[in-house]
Amino acid sequence: MTDREEFLAWVRTALREAEVAIHNGDAGPRRALRSRREPVSVLGAFRNAHGLQQVDALFGELERSFSDCTSYEFELQAYDVSGDMAYTAGLEHTSTAVDGHPRTYTLRATQVYRRESGAWRVAHRHGDTVTESPPRT
């Protein structure tokens, strides 16, 4: 299996499972996949965080906000692996409850990964809400 195939398999299993878990109110799997070394960052649809402590605090807020995930799909649009670095870019389609209220939304999500001690870890995440653009005239 090539590095790209191995990475893609990880994205489709462990990373996907961590995203479903956090949308069910469990940030443990996402924390387990977060890089253990600086720099780490999130430019998020919810809020931004820089550094291990701020990112961990953000995960706690998300954990308390999300529950009852009924669907999560990551529509991968691009990815690559170069040595111990990798990235993904795509659309996250999610149906979950936010603060007890059902919500369905799509985020554009780009993540940067680094291999640490042989395991892929998320070093940076950028996610923002997809909004429809007005038609061009």
# chains A, B, ... in the order shown; residues from 1 in each chain; ligands from 1

call {"tool": "residues_around", "arguments": {"residues": "Thr110 in chain A", "least_positions_apart": "2", "cutoff": "9 Å", "atoms": "only C-alpha atoms", "output": "list of chain:residue names"}}
result
A:Tyr87, A:Thr88, A:Ala89, A:Gly90, A:Leu91, A:Arg108, A:Val112, A:His124, A:Arg125, A:His126, A:Gly127

call {"tool": "residues_around", "arguments": {"residues": "Gly100 in chain A", "least_positions_apart": "2", "cutoff": "8 Å", "atoms": "only C-alpha atoms", "output": "number ranges by chain"}}
result
A: 65-67, 97-98, 102

call {"tool": "select_by_dssp", "arguments": {"residues": "chain A", "states": "helix (DSSP H, G or I)", "output": "NGL selection string"}}
result
:A and (3-23 or 28-33 or 52-65)

call {"tool": "write_last_selection", "arguments": {"atoms": "N, CA and C atoms", "output": "compact mmCIF listing (two decimals), in the first residue's frame"}}
result
# COMPACT_ATOMS: atom_id res chain seq x y z
N ASP A 3 1.90 5.38 0.44
CA ASP A 3 1.62 6.38 1.48
C ASP A 3 0.26 7.04 1.25
N ARG A 4 -0.04 7.37 -0.01
CA ARG A 4 -1.32 8.01 -0.32
C ARG A 4 -2.50 7.08 -0.01
N GLU A 5 -2.38 5.82 -0.37
CA GLU A 5 -3.46 4.86 -0.10
C GLU A 5 -3.65 4.66 1.40
N GLU A 6 -2.53 4.55 2.12
CA GLU A 6 -2.60 4.38 3.58
C GLU A 6 -3.23 5.60 4.24
N PHE A 7 -2.82 6.79 3.82
CA PHE A 7 -3.38 8.02 4.37
C PHE A 7 -4.88 8.10 4.08
N LEU A 8 -5.28 7.83 2.85
CA LEU A 8 -6.70 7.90 2.49
C LEU A 8 -7.52 6.89 3.30
N ALA A 9 -6.99 5.72 3.54
CA ALA A 9 -7.69 4.73 4.37
C ALA A 9 -7.88 5.27 5.79
N TRP A 10 -6.86 5.94 6.33
CA TRP A 10 -6.95 6.55 7.66
C TRP A 10 -8.01 7.64 7.68
N VAL A 11 -8.05 8.49 6.64
CA VAL A 11 -9.05 9.55 6.55
C VAL A 11 -10.45 8.96 6.56
N ARG A 12 -10.64 7.87 5.83
CA ARG A 12 -11.97 7.26 5.69
C ARG A 12 -12.39 6.44 6.90
N THR A 13 -11.47 6.15 7.80
CA THR A 13 -11.83 5.36 8.99
C THR A 13 -11.65 6.18 10.26
N ALA A 14 -10.43 6.26 10.76
CA ALA A 14 -10.19 6.91 12.06
C ALA A 14 -10.63 8.38 12.07
N LEU A 15 -10.29 9.12 11.03
CA LEU A 15 -10.66 10.53 11.00
C LEU A 15 -12.18 10.69 10.91
N ARG A 16 -12.82 9.90 10.07
CA ARG A 16 -14.28 9.97 9.95
C ARG A 16 -14.93 9.62 11.29
N GLU A 17 -14.45 8.56 11.94
CA GLU A 17 -15.01 8.15 13.23
C GLU A 17 -14.88 9.26 14.28
N ALA A 18 -13.76 9.98 14.26
CA ALA A 18 -13.56 11.08 15.21
C ALA A 18 -14.55 12.21 14.95
N GLU A 19 -14.84 12.48 13.68
CA GLU A 19 -15.80 13.54 13.35
C GLU A 19 -17.23 13.15 13.77
N VAL A 20 -17.60 11.91 13.53
CA VAL A 20 -18.92 11.45 13.96
C VAL A 20 -19.01 11.53 15.49
N ALA A 21 -17.96 11.12 16.18
CA ALA A 21 -17.97 11.13 17.64
C ALA A 21 -18.15 12.54 18.19
N ILE A 22 -17.42 13.51 17.66
CA ILE A 22 -17.55 14.87 18.21
C ILE A 22 -18.94 15.42 17.94
N HIS A 23 -19.55 15.04 16.82
CA HIS A 23 -20.91 15.50 16.54
C HIS A 23 -21.95 14.76 17.38
N GLY A 28 -13.22 12.94 22.57
CA GLY A 28 -12.07 12.06 22.83
C GLY A 28 -11.36 11.59 21.58
N PRO A 29 -12.08 11.03 20.61
CA PRO A 29 -11.39 10.58 19.40
C PRO A 29 -10.73 11.71 18.62
N ARG A 30 -11.35 12.90 18.59
CA ARG A 30 -10.71 14.02 17.89
C ARG A 30 -9.46 14.46 18.63
N ARG A 31 -9.52 14.49 19.96
CA ARG A 31 -8.32 14.82 20.74
C ARG A 31 -7.20 13.82 20.47
N ALA A 32 -7.55 12.56 20.35
CA ALA A 32 -6.55 11.52 20.12
C ALA A 32 -5.83 11.69 18.78
N LEU A 33 -6.49 12.32 17.82
CA LEU A 33 -5.89 12.51 16.49
C LEU A 33 -5.21 13.87 16.34
N LEU A 52 -2.00 24.30 21.79
CA LEU A 52 -2.59 23.07 22.34
C LEU A 52 -3.69 23.36 23.37
N GLN A 53 -3.49 24.32 24.26
CA GLN A 53 -4.49 24.60 25.30
C GLN A 53 -5.77 25.17 24.71
N GLN A 54 -5.66 26.14 23.80
CA GLN A 54 -6.85 26.72 23.20
C GLN A 54 -7.60 25.70 22.36
N VAL A 55 -6.87 24.86 21.61
CA VAL A 55 -7.54 23.85 20.79
C VAL A 55 -8.27 22.86 21.67
N ASP A 56 -7.65 22.44 22.77
CA ASP A 56 -8.32 21.52 23.68
C ASP A 56 -9.57 22.15 24.28
N ALA A 57 -9.50 23.43 24.65
CA ALA A 57 -10.67 24.13 25.20
C ALA A 57 -11.79 24.20 24.15
N LEU A 58 -11.42 24.46 22.90
CA LEU A 58 -12.41 24.48 21.82
C LEU A 58 -13.10 23.13 21.69
N PHE A 59 -12.33 22.05 21.76
CA PHE A 59 -12.93 20.72 21.67
C PHE A 59 -13.93 20.49 22.80
N GLY A 60 -13.62 21.00 23.99
CA GLY A 60 -14.56 20.90 25.11
C GLY A 60 -15.86 21.64 24.84
N GLU A 61 -15.76 22.83 24.25
CA GLU A 61 -16.97 23.58 23.90
C GLU A 61 -17.80 22.85 22.85
N LEU A 62 -17.13 22.31 21.85
CA LEU A 62 -17.85 21.57 20.81
C LEU A 62 -18.51 20.33 21.38
N GLU A 63 -17.81 19.65 22.25
CA GLU A 63 -18.33 18.44 22.90
C GLU A 63 -19.62 18.74 23.66
N ARG A 64 -19.65 19.89 24.34
CA ARG A 64 -20.85 20.26 25.09
C ARG A 64 -21.98 20.75 24.19
N SER A 65 -21.65 21.24 23.01
CA SER A 65 -22.67 21.81 22.10
C SER A 65 -23.33 20.76 21.22

call {"tool": "select_by_dssp", "arguments": {"residues": "range 72-136 of chain A", "states": "strand (DSSP E or B)", "output": "ChimeraX atom specification"}}
result
/A:72-82,85-98,101-116,119-129

call {"tool": "closest_residue", "arguments": {"among": "A:Ser35, A:Asn48, A:Ser71, A:Thr129", "to": "Met85 in chain A", "atoms": "only C-alpha atoms"}}
result
A:Ser35

call {"tool": "atom_distance", "arguments": {"atom1": "CA of Val40 in chain A", "atom2": "CA of Val122 in chain A"}}
result
8.0 Å

call {"tool": "atom_distance", "arguments": {"atom1": "CA of Pro39 in chain A", "atom2": "CA of Thr94 in chain A"}}
result
27.8 Å
